[in-house]
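Novice: Got a file for you: query_35.txt, compact mmCIF, C-alpha atoms and all ligand atoms.
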```txt
# COMPACT_ATOMS: atom_id res chain seq x y z
CA MET B 464 -5.33 0.49 -18.92
CA ALA B 465 -5.47 0.24 -15.16
CA ARG B 466 -2.30 0.78 -13.19
CA THR B 467 -1.53 -1.54 -10.25
CA ILE B 468 0.43 0.01 -7.41
CA VAL B 469 1.77 -2.26 -4.66
CA VAL B 470 2.84 -0.76 -1.33
CA HIS B 471 5.45 -2.82 0.49
CA SER B 472 8.03 -2.60 3.27
CA HIS B 473 10.58 -4.92 4.82
CA ARG B 474 9.29 -4.35 8.36
CA GLY B 475 5.84 -3.68 9.77
CA GLY B 476 4.75 -0.35 11.19
CA THR B 477 6.42 1.74 8.49
CA GLY B 478 3.11 3.39 7.51
CA LYS B 479 2.16 1.26 4.46
CA SER B 480 -1.56 0.97 5.22
CA SER B 481 -1.93 4.57 6.41
CA VAL B 482 -0.14 5.97 3.37
CA LEU B 483 -2.04 3.68 1.00
CA ALA B 484 -5.41 4.72 2.48
CA ASN B 485 -4.53 8.39 1.98
CA LEU B 486 -3.30 7.88 -1.57
CA ALA B 487 -6.48 5.91 -2.40
CA LEU B 488 -8.75 8.67 -1.07
CA LEU B 489 -6.84 11.44 -2.81
CA ILE B 490 -6.65 9.63 -6.16
CA ALA B 491 -10.39 8.83 -6.03
CA ALA B 492 -11.22 12.39 -4.96
CA GLY B 493 -9.35 13.50 -8.11
CA GLY B 494 -11.93 11.65 -10.21
CA ARG B 495 -10.26 8.30 -10.93
CA ARG B 496 -11.83 4.94 -10.16
CA VAL B 497 -9.77 3.23 -7.48
CA GLY B 498 -9.79 -0.31 -6.09
CA VAL B 499 -7.93 -1.28 -2.93
CA VAL B 500 -7.16 -4.84 -1.82
CA ASP B 501 -5.81 -5.58 1.65
CA THR B 502 -3.58 -8.62 0.97
CA ASP B 503 -2.25 -8.46 4.54
CA ILE B 504 -4.12 -11.54 5.73
CA GLN B 505 -1.84 -11.89 8.78
CA SER B 506 -2.53 -8.40 10.15
CA PRO B 507 -5.36 -6.67 8.26
CA THR B 508 -5.88 -2.95 8.73
CA LEU B 509 -7.90 -1.45 5.92
CA ASP B 510 -11.27 -2.73 7.17
CA LEU B 511 -10.71 -0.62 10.30
CA LEU B 512 -9.17 2.41 8.57
CA PHE B 513 -12.01 2.58 6.03
CA ARG B 514 -14.64 1.56 8.64
CA LEU B 515 -15.97 -1.23 6.45
CA GLY B 516 -19.18 -2.97 7.38
CA PRO B 517 -19.49 -6.75 7.75
CA GLY B 518 -19.32 -8.71 4.52
CA PRO B 519 -17.22 -11.13 2.50
CA SER B 520 -13.47 -10.65 2.28
CA LEU B 521 -10.39 -11.58 0.25
CA ALA B 522 -10.05 -14.66 2.47
CA ASP B 523 -13.59 -15.78 1.56
CA TYR B 524 -12.70 -15.36 -2.11
CA LEU B 525 -9.46 -17.37 -1.69
CA LEU B 526 -11.42 -20.11 0.10
CA GLY B 527 -13.82 -20.27 -2.86
CA ARG B 528 -16.81 -18.84 -0.98
CA CYS B 529 -17.50 -15.75 -3.08
CA GLU B 530 -16.49 -13.87 -6.19
CA ILE B 531 -13.91 -11.18 -5.47
CA GLU B 532 -16.16 -8.36 -6.69
CA ALA B 533 -18.69 -9.33 -4.02
CA ALA B 534 -16.02 -8.62 -1.38
CA ALA B 535 -15.45 -5.02 -2.54
CA GLN B 536 -17.23 -2.31 -0.54
CA PRO B 537 -17.79 1.25 -1.82
CA VAL B 538 -16.35 3.73 0.70
CA GLY B 539 -15.60 7.42 1.30
CA VAL B 540 -15.72 9.06 -2.10
CA PRO B 541 -17.51 7.90 -5.26
CA GLY B 542 -15.49 5.43 -7.32
CA LEU B 543 -13.48 4.00 -4.39
CA TYR B 544 -13.85 0.28 -3.55
CA VAL B 545 -12.05 -1.62 -0.80
CA VAL B 546 -11.65 -5.40 -0.38
CA PRO B 547 -10.89 -6.28 3.26
CA ALA B 548 -8.38 -9.08 3.96
CA ARG B 549 -10.54 -11.07 6.33
CA THR B 550 -12.97 -10.87 9.20
CA GLY B 551 -11.91 -12.82 12.28
CA THR B 552 -9.16 -15.40 12.65
CA ALA B 553 -11.11 -18.51 11.54
CA ALA B 554 -10.43 -17.78 7.86
CA LEU B 555 -6.72 -17.22 8.62
CA ARG B 556 -6.49 -20.63 10.34
CA GLU B 557 -8.26 -22.22 7.42
CA LEU B 558 -6.01 -20.55 4.86
CA MET B 559 -2.93 -21.61 6.83
CA THR B 560 -4.01 -25.23 7.21
CA SER B 561 -5.64 -25.90 3.86
CA GLY B 562 -3.58 -23.45 1.78
CA TYR B 563 -4.99 -21.86 -1.36
CA ASP B 564 -4.19 -21.45 -5.01
CA VAL B 565 -2.05 -18.28 -5.19
CA GLY B 566 -3.05 -17.95 -8.84
CA LEU B 567 -6.43 -16.78 -7.52
CA LEU B 568 -4.81 -13.50 -6.42
CA PRO B 569 -3.78 -12.14 -9.86
CA GLU B 570 -7.00 -13.56 -11.30
CA GLY B 571 -8.98 -11.68 -8.65
CA PHE B 572 -7.05 -8.43 -9.22
CA ASP B 573 -7.81 -8.58 -12.95
CA ARG B 574 -11.43 -9.36 -12.27
CA LEU B 575 -11.79 -6.35 -9.93
CA VAL B 576 -10.23 -4.02 -12.50
CA GLU B 577 -12.63 -5.24 -15.14
CA HIS B 578 -15.79 -5.41 -13.01
CA TYR B 579 -15.39 -1.96 -11.45
CA ALA B 580 -13.72 -0.35 -14.52
CA LEU B 581 -10.81 0.73 -12.32
CA ASP B 582 -8.14 3.22 -13.32
CA VAL B 583 -5.93 2.37 -10.35
CA LEU B 584 -5.63 -0.76 -8.20
CA LEU B 585 -3.76 -0.31 -4.92
CA LEU B 586 -2.53 -3.42 -3.10
CA ASP B 587 -1.58 -3.31 0.57
CA THR B 588 0.82 -6.03 1.76
CA HIS B 589 2.14 -7.68 4.88
CA ALA B 590 5.75 -6.70 5.65
CA GLY B 591 8.55 -8.84 4.29
CA LEU B 592 8.36 -11.58 1.74
CA ASN B 593 5.46 -14.06 1.83
CA ASN B 594 3.06 -15.66 -0.65
CA GLU B 595 0.70 -12.70 -0.82
CA SER B 596 3.31 -9.94 -0.90
CA VAL B 597 5.44 -11.61 -3.59
CA THR B 598 2.34 -12.45 -5.67
CA ALA B 599 1.11 -8.86 -5.31
CA MET B 600 4.54 -7.57 -6.37
CA ALA B 601 4.42 -9.78 -9.44
CA SER B 602 1.18 -7.99 -10.43
CA ALA B 603 2.64 -4.50 -9.91
CA ASP B 604 3.12 -1.84 -12.53
CA VAL B 605 4.65 0.29 -9.78
CA LEU B 606 6.15 -1.07 -6.57
CA MET B 607 6.22 1.58 -3.86
CA ILE B 608 8.70 0.66 -1.15
CA LEU B 609 8.39 2.42 2.19
CA ALA B 610 11.37 2.59 4.54
CA ARG B 611 12.22 4.55 7.65
CA ALA B 612 15.62 6.20 7.70
CA ASP B 613 17.34 3.40 9.60
CA ARG B 614 19.85 0.76 8.65
CA ILE B 615 17.50 -2.20 9.14
CA ASP B 616 14.69 -0.79 6.98
CA LEU B 617 17.17 0.30 4.35
CA SER B 618 18.89 -3.09 4.16
CA GLY B 619 15.39 -4.53 3.65
CA VAL B 620 14.94 -2.13 0.74
CA GLU B 621 18.02 -3.62 -0.89
CA GLU B 622 16.55 -7.10 -0.51
CA THR B 623 13.18 -6.04 -1.93
CA ILE B 624 14.79 -4.19 -4.81
CA ALA B 625 16.94 -7.24 -5.60
CA LEU B 626 13.73 -9.27 -5.90
CA ALA B 627 11.82 -6.54 -7.71
CA GLY B 628 14.70 -6.18 -10.16
CA ARG B 629 13.54 -9.45 -11.66
CA LEU B 630 9.98 -8.13 -12.06
CA ALA B 631 8.74 -5.93 -14.87
CA CYS B 632 7.68 -3.03 -12.65
CA ARG B 633 8.83 0.48 -11.85
CA ARG B 634 10.02 1.12 -8.33
CA ALA B 635 9.32 4.15 -6.15
CA LEU B 636 11.19 4.42 -2.87
CA VAL B 637 9.56 6.59 -0.20
CA MET B 638 11.22 7.54 3.07
CA SER B 639 8.63 7.27 5.82
CA MET B 640 8.32 8.79 9.31
CA ALA B 641 11.39 10.97 8.80
CA PRO B 642 12.31 12.46 12.20
CA GLU B 643 12.01 16.20 12.75
CA GLY B 644 15.19 18.02 11.83
CA ILE B 645 16.37 15.34 9.42
CA ASP B 646 18.45 16.81 6.63
CA GLY B 647 16.22 16.03 3.63
CA ARG B 648 18.95 16.83 1.13
CA GLN B 649 21.40 14.51 2.85
CA VAL B 650 18.80 11.70 2.97
CA ARG B 651 18.13 12.18 -0.73
CA ARG B 652 21.86 12.16 -1.50
CA ARG B 653 22.47 8.99 0.49
CA ALA B 654 19.46 7.23 -1.04
CA GLU B 655 20.73 8.24 -4.48
CA GLU B 656 24.14 6.80 -3.67
CA VAL B 657 22.74 3.51 -2.40
CA TYR B 658 19.78 3.03 -4.75
CA GLY B 659 21.01 4.95 -7.77
CA ALA B 660 17.95 7.20 -8.26
CA PRO B 661 15.97 10.00 -6.60
CA LEU B 662 13.49 9.27 -3.84
CA ALA B 663 9.82 9.55 -4.79
CA GLY B 664 9.16 11.36 -1.52
CA ILE B 665 10.08 11.94 2.10
CA LEU B 666 7.18 11.73 4.55
CA PRO B 667 7.89 13.37 7.90
CA TYR B 668 6.89 11.87 11.22
CA VAL B 669 3.68 13.78 11.98
CA PRO B 670 2.40 13.54 15.57
CA GLU B 671 -1.16 14.42 14.40
CA MET B 672 -1.10 11.25 12.30
CA ALA B 673 -0.13 9.09 15.25
CA ALA B 674 -2.74 10.89 17.39
CA LEU B 675 -5.57 9.81 15.06
CA TYR B 676 -5.14 6.27 16.48
CA GLY B 677 -6.38 4.90 13.17
CA GLU B 678 -9.80 6.49 13.83
CA ARG B 679 -9.78 8.52 10.62
CA ILE B 680 -7.78 8.79 7.45
CA PHE B 681 -5.34 11.69 7.74
CA ALA B 682 -6.28 13.47 4.48
CA GLU B 683 -9.92 13.57 5.65
CA ALA B 684 -9.09 14.82 9.11
CA HIS B 685 -6.39 17.34 8.09
CA PRO B 686 -6.95 18.15 4.39
CA ASP B 687 -4.75 21.27 4.48
CA HIS B 688 -1.79 19.73 6.34
CA PRO B 689 1.58 19.81 4.47
CA LEU B 690 1.71 15.99 4.77
CA VAL B 691 -1.28 15.83 2.37
CA GLY B 692 0.82 17.92 -0.05
CA GLU B 693 3.56 15.26 0.29
CA PHE B 694 1.00 12.53 -0.51
CA ARG B 695 0.07 14.46 -3.67
CA THR B 696 3.75 14.71 -4.65
CA ILE B 697 4.03 10.94 -4.30
CA ILE B 698 0.90 10.44 -6.44
CA SER B 699 2.53 12.54 -9.20
CA ALA B 700 5.71 10.45 -8.91
CA LEU B 701 3.67 7.23 -9.14
CA ASP B 702 1.86 8.61 -12.21
CA ALA B 703 5.11 9.51 -13.94
CA PRO B 704 5.81 7.33 -16.96
CA HIS B 705 9.53 6.93 -16.16
CA GLU B 706 11.38 4.98 -13.49
CA VAL B 707 11.19 6.83 -10.19
CA SER B 708 13.80 4.90 -8.29
CA ARG B 709 16.03 2.25 -9.81
CA ALA B 710 18.54 0.01 -8.11
N1 LIG I 1 4.07 9.91 8.86
C1 LIG I 1 3.62 9.41 10.02
N2 LIG I 1 3.81 10.08 11.17
C2 LIG I 1 3.39 9.58 12.35
N3 LIG I 1 2.77 8.40 12.49
C3 LIG I 1 2.56 7.68 11.38
C4 LIG I 1 2.97 8.13 10.09
N4 LIG I 1 2.63 7.19 9.18
C5 LIG I 1 2.01 6.21 9.87
N5 LIG I 1 1.95 6.49 11.19
C6 LIG I 1 1.38 5.66 12.26
O1 LIG I 1 2.19 4.50 12.37
C7 LIG I 1 1.39 3.38 12.74
C8 LIG I 1 1.68 2.22 11.80
O2 LIG I 1 1.22 2.55 10.53
P1 LIG I 1 0.63 1.47 9.52
O3 LIG I 1 0.14 2.24 8.35
O4 LIG I 1 -0.31 0.54 10.19
O5 LIG I 1 1.98 0.67 9.12
P2 LIG I 1 2.16 -0.69 8.30
O6 LIG I 1 0.95 -0.86 7.45
O7 LIG I 1 3.41 -0.48 7.50
O8 LIG I 1 2.33 -1.77 9.31
C9 LIG I 1 -0.05 3.85 12.72
O9 LIG I 1 -0.46 4.09 14.04
C10 LIG I 1 -0.01 5.15 11.93
O10 LIG I 1 -1.00 6.07 12.36
MG MG I 2 -0.39 -2.47 7.29
```
Let me see the file written as structure tokens.
Specialist:
Amino acid sequence: MARTIVVHSHRGGTGKSSVLANLALLIAAGGRRVGVVDTDIQSPTLDLLFRLGPGPSLADYLLGRCEIEAAAQPVGVPGLYVVPARTGTAALRELMTSGYDVGLLPEGFDRLVEHYALDVLLLDTHAGLNNESVTAMASADVLMILARADRIDLSGVEETIALAGRLACRRALVMSMAPEGIDGRQVRRRAEEVYGAPLAGILPYVPEMAALYGERIFAEAHPDHPLVGEFRTIISALDAPHEVSRA
């Protein structure tokens, strides 16, 4: 049975796409078959991060122009496939004006899992709540919520958890871009107080990550960096059979 992991945050720029790309590479490098779909049609990223070539996209699939499996490109390590959100803004305009059947999203996710015999499907989302992010969340076995250690991100977590509470998925809360010197134990304690369960991980702010300018995926560029160890800790938490973080 494939496991669907959705990465979401209340605000943009929290590190969703970067973290997802690293998790995807590391899980695939560990021998599992991994599919990635960039559902962030408003501000796609994964085509650039994974240096995808030209080809059909999720938007083409939603507009009825191709099968979803035709939009998946093999990248990086064997057994890793990425579906880009769109190429260019024409498809975005079209999707916004003509709309699309959101039921095509879960149908497409299932089809990818079956066609590529995936063990893990990772879904990237646009920040906040919109058609694609809520539909992706409804397909999740595990919803990974990223938040920086500030009041605005954390109030967004409450909102997302309130919504996710109605979905049959596990939740994993990850603190992202934690500033240097932050008291990890205190952050954990406060998160436990507010969200009622341990954090799945705390990712520090790493200047080397910012300095990559999206040119490479961090785990490829710095395989021995402690941040990659943190990514592996998060993968173990996502693999765990029990609830990682419950409201
Ligand atoms: N732990 C980190 N430390 C420093 N910079 C980070 C970290 N995680 C992500 N970034 C940088 O933050 C920016 C936004 O990340 P991105 O993954 O695009 O966020 P989102 O998908 O949530 O909008 C990128 O330039 C990325 O390199
Ligand atoms: Mg993103």
Novice: If you count all atoms listed in the file, which residues fall within 8 Å of Pro569 (chain B), apart from same-chain ones fewer than 4 positions away, as a VMD selection string?
Specialist: chain B and resid 565 573 598 to 599 602
Novice: CA of Val669 (chain B) and atom O10 of ligand LIG 1 (chain I) are how many Å apart?
Specialist: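 Taking CA of Val669 (chain B) and atom O10 of ligand LIG 1 (chain I), their separation equals 9.0 Å.
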Novice: Can you work out which one of B:Asp687, B:Asp587, B:Glu678, B:Glu671 has the shortest atom-to-atom distance to Met607 (chain B), counting all atoms listed in the file?
Specialist: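 Selected residue with least distance to Met607 (chain B): B:Asp587.
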Novice: At a cut-off of 12 Å, can you tabulate as JSON lines every residue of chain B near ligand MG 2 (chain I) together with its closest atom pair and the distance in Å to one decimal, using all atoms listed in the file and ordering rows by chain then number?
Specialist:
```
{"residue": "B:Val470", "atom": "CA", "partner": "I:MG2", "partner_atom": "MG", "distance": 9.4}
{"residue": "B:His471", "atom": "CA", "partner": "I:MG2", "partner_atom": "MG", "distance": 9.0}
{"residue": "B:Ser472", "atom": "CA", "partner": "I:MG2", "partner_atom": "MG", "distance": 9.3}
{"residue": "B:His473", "atom": "CA", "partner": "I:MG2", "partner_atom": "MG", "distance": 11.5}
{"residue": "B:Arg474", "atom": "CA", "partner": "I:MG2", "partner_atom": "MG", "distance": 9.9}
{"residue": "B:Gly475", "atom": "CA", "partner": "I:MG2", "partner_atom": "MG", "distance": 6.8}
{"residue": "B:Gly476", "atom": "CA", "partner": "I:MG2", "partner_atom": "MG", "distance": 6.8}
{"residue": "B:Thr477", "atom": "CA", "partner": "I:MG2", "partner_atom": "MG", "distance": 8.1}
{"residue": "B:Gly478", "atom": "CA", "partner": "I:MG2", "partner_atom": "MG", "distance": 6.8}
{"residue": "B:Lys479", "atom": "CA", "partner": "I:MG2", "partner_atom": "MG", "distance": 5.3}
{"residue": "B:Ser480", "atom": "CA", "partner": "I:MG2", "partner_atom": "MG", "distance": 4.2}
{"residue": "B:Ser481", "atom": "CA", "partner": "I:MG2", "partner_atom": "MG", "distance": 7.3}
{"residue": "B:Val482", "atom": "CA", "partner": "I:MG2", "partner_atom": "MG", "distance": 9.3}
{"residue": "B:Leu483", "atom": "CA", "partner": "I:MG2", "partner_atom": "MG", "distance": 9.0}
{"residue": "B:Ala484", "atom": "CA", "partner": "I:MG2", "partner_atom": "MG", "distance": 10.0}
{"residue": "B:Val500", "atom": "CA", "partner": "I:MG2", "partner_atom": "MG", "distance": 11.6}
{"residue": "B:Asp501", "atom": "CA", "partner": "I:MG2", "partner_atom": "MG", "distance": 8.4}
{"residue": "B:Thr502", "atom": "CA", "partner": "I:MG2", "partner_atom": "MG", "distance": 9.4}
{"residue": "B:Asp503", "atom": "CA", "partner": "I:MG2", "partner_atom": "MG", "distance": 6.8}
{"residue": "B:Ile504", "atom": "CA", "partner": "I:MG2", "partner_atom": "MG", "distance": 9.9}
{"residue": "B:Gln505", "atom": "CA", "partner": "I:MG2", "partner_atom": "MG", "distance": 9.6}
{"residue": "B:Ser506", "atom": "CA", "partner": "I:MG2", "partner_atom": "MG", "distance": 6.9}
{"residue": "B:Pro507", "atom": "CA", "partner": "I:MG2", "partner_atom": "MG", "distance": 6.6}
{"residue": "B:Thr508", "atom": "CA", "partner": "I:MG2", "partner_atom": "MG", "distance": 5.7}
{"residue": "B:Leu509", "atom": "CA", "partner": "I:MG2", "partner_atom": "MG", "distance": 7.7}
{"residue": "B:Asp510", "atom": "CA", "partner": "I:MG2", "partner_atom": "MG", "distance": 10.9}
{"residue": "B:Leu511", "atom": "CA", "partner": "I:MG2", "partner_atom": "MG", "distance": 10.9}
{"residue": "B:Leu512", "atom": "CA", "partner": "I:MG2", "partner_atom": "MG", "distance": 10.1}
{"residue": "B:Pro547", "atom": "CA", "partner": "I:MG2", "partner_atom": "MG", "distance": 11.9}
{"residue": "B:Ala548", "atom": "CA", "partner": "I:MG2", "partner_atom": "MG", "distance": 10.9}
{"residue": "B:Leu586", "atom": "CA", "partner": "I:MG2", "partner_atom": "MG", "distance": 10.7}
{"residue": "B:Asp587", "atom": "CA", "partner": "I:MG2", "partner_atom": "MG", "distance": 6.9}
{"residue": "B:Thr588", "atom": "CA", "partner": "I:MG2", "partner_atom": "MG", "distance": 6.7}
{"residue": "B:His589", "atom": "CA", "partner": "I:MG2", "partner_atom": "MG", "distance": 6.3}
{"residue": "B:Ala590", "atom": "CA", "partner": "I:MG2", "partner_atom": "MG", "distance": 7.6}
{"residue": "B:Gly591", "atom": "CA", "partner": "I:MG2", "partner_atom": "MG", "distance": 11.4}
{"residue": "B:Ser596", "atom": "CA", "partner": "I:MG2", "partner_atom": "MG", "distance": 11.7}
{"residue": "B:Leu609", "atom": "CA", "partner": "I:MG2", "partner_atom": "MG", "distance": 11.3}
{"residue": "B:Gly677", "atom": "CA", "partner": "I:MG2", "partner_atom": "MG", "distance": 11.2}
```
Novice: Go ahead and save the picked residues with C-alpha atoms, as a PDB file, in the coordinates of the input.
Specialist:
```pdb
ATOM      1  CA  VAL B 470       2.840  -0.760  -1.330  1.00  0.00           C
ATOM      2  CA  HIS B 471       5.450  -2.820   0.490  1.00  0.00           C
ATOM      3  CA  SER B 472       8.030  -2.600   3.270  1.00  0.00           C
ATOM      4  CA  HIS B 473      10.580  -4.920   4.820  1.00  0.00           C
ATOM      5  CA  ARG B 474       9.290  -4.350   8.360  1.00  0.00           C
ATOM      6  CA  GLY B 475       5.840  -3.680   9.770  1.00  0.00           C
ATOM      7  CA  GLY B 476       4.750  -0.350  11.190  1.00  0.00           C
ATOM      8  CA  THR B 477       6.420   1.740   8.490  1.00  0.00           C
ATOM      9  CA  GLY B 478       3.110   3.390   7.510  1.00  0.00           C
ATOM     10  CA  LYS B 479       2.160   1.260   4.460  1.00  0.00           C
ATOM     11  CA  SER B 480      -1.560   0.970   5.220  1.00  0.00           C
ATOM     12  CA  SER B 481      -1.930   4.570   6.410  1.00  0.00           C
ATOM     13  CA  VAL B 482      -0.140   5.970   3.370  1.00  0.00           C
ATOM     14  CA  LEU B 483      -2.040   3.680   1.000  1.00  0.00           C
ATOM     15  CA  ALA B 484      -5.410   4.720   2.480  1.00  0.00           C
ATOM     16  CA  VAL B 500      -7.160  -4.840  -1.820  1.00  0.00           C
ATOM     17  CA  ASP B 501      -5.810  -5.580   1.650  1.00  0.00           C
ATOM     18  CA  THR B 502      -3.580  -8.620   0.970  1.00  0.00           C
ATOM     19  CA  ASP B 503      -2.250  -8.460   4.540  1.00  0.00           C
ATOM     20  CA  ILE B 504      -4.120 -11.540   5.730  1.00  0.00           C
ATOM     21  CA  GLN B 505      -1.840 -11.890   8.780  1.00  0.00           C
ATOM     22  CA  SER B 506      -2.530  -8.400  10.150  1.00  0.00           C
ATOM     23  CA  PRO B 507      -5.360  -6.670   8.260  1.00  0.00           C
ATOM     24  CA  THR B 508      -5.880  -2.950   8.730  1.00  0.00           C
ATOM     25  CA  LEU B 509      -7.900  -1.450   5.920  1.00  0.00           C
ATOM     26  CA  ASP B 510     -11.270  -2.730   7.170  1.00  0.00           C
ATOM     27  CA  LEU B 511     -10.710  -0.620  10.300  1.00  0.00           C
ATOM     28  CA  LEU B 512      -9.170   2.410   8.570  1.00  0.00           C
ATOM     29  CA  PRO B 547     -10.890  -6.280   3.260  1.00  0.00           C
ATOM     30  CA  ALA B 548      -8.380  -9.080   3.960  1.00  0.00           C
ATOM     31  CA  LEU B 586      -2.530  -3.420  -3.100  1.00  0.00           C
ATOM     32  CA  ASP B 587      -1.580  -3.310   0.570  1.00  0.00           C
ATOM     33  CA  THR B 588       0.820  -6.030   1.760  1.00  0.00           C
ATOM     34  CA  HIS B 589       2.140  -7.680   4.880  1.00  0.00           C
ATOM     35  CA  ALA B 590       5.750  -6.700   5.650  1.00  0.00           C
ATOM     36  CA  GLY B 591       8.550  -8.840   4.290  1.00  0.00           C
ATOM     37  CA  SER B 596       3.310  -9.940  -0.900  1.00  0.00           C
ATOM     38  CA  LEU B 609       8.390   2.420   2.190  1.00  0.00           C
ATOM     39  CA  GLY B 677      -6.380   4.900  13.170  1.00  0.00           C
TER      40      GLY B 677
END
```
Novice: Between CA of Leu568 (chain B) and CA of Asn594 (chain B), what distance in Å does the model show, to one decimal?
Specialist: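 Interatomic distance, CA of Leu568 (chain B) to CA of Asn594 (chain B): 10.0 Å.
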Novice: Leaving out Glu622 (chain B) and any residue of its chain fewer than 2 positions from it, which residues lie within 12 Å of it when counting only C-alpha atoms, given as a list in words?
Specialist: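 Neighbouring residues, sequence-local ones excluded: His471, Ser472, His473, Arg474, Gly591, Leu592, Ile608, Ile615, Asp616, Leu617, Ser618, Gly619, Val620, Ile624, Ala625, Leu626, Ala627, Gly628, Arg629, Tyr658 and Ala710 of chain B.
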Novice: So what do you get for CA of Phe572 (chain B) versus CA of Gln536 (chain B), distance-wise?
Specialist: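 Spanning CA of Phe572 (chain B) to CA of Gln536 (chain B) is a straight-line distance of 14.7 Å.
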Novice: Given all atoms listed in the file as the basis, pick out the residue of B:Leu675, B:Ala682, B:Ala700, B:Ala612 nearest to ligand LIG 1 (chain I).
Specialist: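 Checking each candidate against ligand LIG 1 (chain I), we get B:Leu675 as the closest.
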Novice: What lies within 12 Å of Ala553 (chain B) using all atoms listed in the file, ignoring chain neighbours under 2 positions off, as an mmCIF file with C-alpha atoms, in the coordinates of the input?
Specialist:
```cif
data_model
loop_
_atom_site.group_PDB
_atom_site.id
_atom_site.type_symbol
_atom_site.label_atom_id
_atom_site.label_comp_id
_atom_site.auth_asym_id
_atom_site.auth_seq_id
_atom_site.Cartn_x
_atom_site.Cartn_y
_atom_site.Cartn_z
ATOM 1 C CA ILE B 504 -4.120 -11.540 5.730
ATOM 2 C CA GLN B 505 -1.840 -11.890 8.780
ATOM 3 C CA ALA B 522 -10.050 -14.660 2.470
ATOM 4 C CA ASP B 523 -13.590 -15.780 1.560
ATOM 5 C CA LEU B 526 -11.420 -20.110 0.100
ATOM 6 C CA ARG B 549 -10.540 -11.070 6.330
ATOM 7 C CA THR B 550 -12.970 -10.870 9.200
ATOM 8 C CA GLY B 551 -11.910 -12.820 12.280
ATOM 9 C CA LEU B 555 -6.720 -17.220 8.620
ATOM 10 C CA ARG B 556 -6.490 -20.630 10.340
ATOM 11 C CA GLU B 557 -8.260 -22.220 7.420
ATOM 12 C CA LEU B 558 -6.010 -20.550 4.860
ATOM 13 C CA MET B 559 -2.930 -21.610 6.830
ATOM 14 C CA THR B 560 -4.010 -25.230 7.210
ATOM 15 C CA SER B 561 -5.640 -25.900 3.860
#
```
Novice: Looking at B:Gly527, B:Pro704, B:Pro642, B:Pro667, which one is nearest to ligand LIG 1 (chain I), with distances taken over only C-alpha atoms and all ligand atoms?
Specialist: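 Counting only C-alpha atoms and all ligand atoms, the residue closest to ligand LIG 1 (chain I) is B:Pro667.
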Novice: Compile the contact shell of Gly647 (chain B) as a PyMOL selection string: residues with an atom at most 10 Å away, counting all atoms listed in the file, same-chain residues fewer than 3 positions apart removed.
Specialist: chain B and resi 638+641+644+650-653+664-665+667
Novice: Could you pull the residues within 8 Å of region 577-581 of chain B, counting only C-alpha atoms, minus those fewer than 5 positions along the same chain, as an MDAnalysis selection string?
Specialist: chainID B and resid 465 495:498 532
Novice: Return the single residue from B:Cys632, B:Val545, B:Val576, B:Leu486 that is closest to ligand LIG 1 (chain I), with distances computed using all atoms listed in the file.
Specialist: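 Smallest separation from ligand LIG 1 (chain I) among the options: B:Leu486.
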Novice: Select, from B:Tyr544, B:Phe681, B:Tyr668, B:Phe694, the residue with the minimum atom-to-atom distance to ligand LIG 1 (chain I), counting all atoms listed in the file.
Specialist: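 Using all atoms listed in the file, the shortest distance to ligand LIG 1 (chain I) belongs to B:Tyr668.
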Novice: Select, from B:Gly539, B:Pro670, B:Pro519, B:Pro689, the residue with the minimum atom-to-atom distance to ligand LIG 1 (chain I), counting only C-alpha atoms and all ligand atoms.
Specialist: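 Smallest distance to ligand LIG 1 (chain I) is found for B:Pro670.
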Novice: What would region 512-521 of chain B look like with N, CA and C atoms in place, written as a PDB file, keeping the file's coordinate frame?
Specialist:
```
ATOM      1  N   LEU B 512      -9.448   1.043   9.037  1.00  0.00           N
ATOM      2  CA  LEU B 512      -9.170   2.410   8.570  1.00  0.00           C
ATOM      3  C   LEU B 512     -10.329   2.971   7.744  1.00  0.00           C
ATOM      4  N   PHE B 513     -10.915   2.116   6.887  1.00  0.00           N
ATOM      5  CA  PHE B 513     -12.010   2.580   6.030  1.00  0.00           C
ATOM      6  C   PHE B 513     -13.377   2.326   6.670  1.00  0.00           C
ATOM      7  N   ARG B 514     -13.387   1.823   7.904  1.00  0.00           N
ATOM      8  CA  ARG B 514     -14.640   1.560   8.640  1.00  0.00           C
ATOM      9  C   ARG B 514     -15.615   0.734   7.804  1.00  0.00           C
ATOM     10  N   LEU B 515     -15.120  -0.381   7.281  1.00  0.00           N
ATOM     11  CA  LEU B 515     -15.970  -1.230   6.450  1.00  0.00           C
ATOM     12  C   LEU B 515     -17.010  -1.942   7.306  1.00  0.00           C
ATOM     13  N   GLY B 516     -18.153  -2.196   6.706  1.00  0.00           N
ATOM     14  CA  GLY B 516     -19.180  -2.970   7.380  1.00  0.00           C
ATOM     15  C   GLY B 516     -18.896  -4.457   7.224  1.00  0.00           C
ATOM     16  N   PRO B 517     -19.693  -5.306   7.892  1.00  0.00           N
ATOM     17  CA  PRO B 517     -19.490  -6.750   7.750  1.00  0.00           C
ATOM     18  C   PRO B 517     -19.767  -7.183   6.310  1.00  0.00           C
ATOM     19  N   GLY B 518     -19.118  -8.244   5.891  1.00  0.00           N
ATOM     20  CA  GLY B 518     -19.320  -8.710   4.520  1.00  0.00           C
ATOM     21  C   GLY B 518     -18.200  -9.637   4.130  1.00  0.00           C
ATOM     22  N   PRO B 519     -18.271 -10.219   2.929  1.00  0.00           N
ATOM     23  CA  PRO B 519     -17.220 -11.130   2.500  1.00  0.00           C
ATOM     24  C   PRO B 519     -15.887 -10.416   2.300  1.00  0.00           C
ATOM     25  N   SER B 520     -14.822 -11.208   2.290  1.00  0.00           N
ATOM     26  CA  SER B 520     -13.470 -10.650   2.280  1.00  0.00           C
ATOM     27  C   SER B 520     -12.609 -11.360   1.235  1.00  0.00           C
ATOM     28  N   LEU B 521     -11.350 -10.905   1.132  1.00  0.00           N
ATOM     29  CA  LEU B 521     -10.390 -11.580   0.250  1.00  0.00           C
ATOM     30  C   LEU B 521     -10.244 -13.044   0.665  1.00  0.00           C
TER      31      LEU B 521
END
```
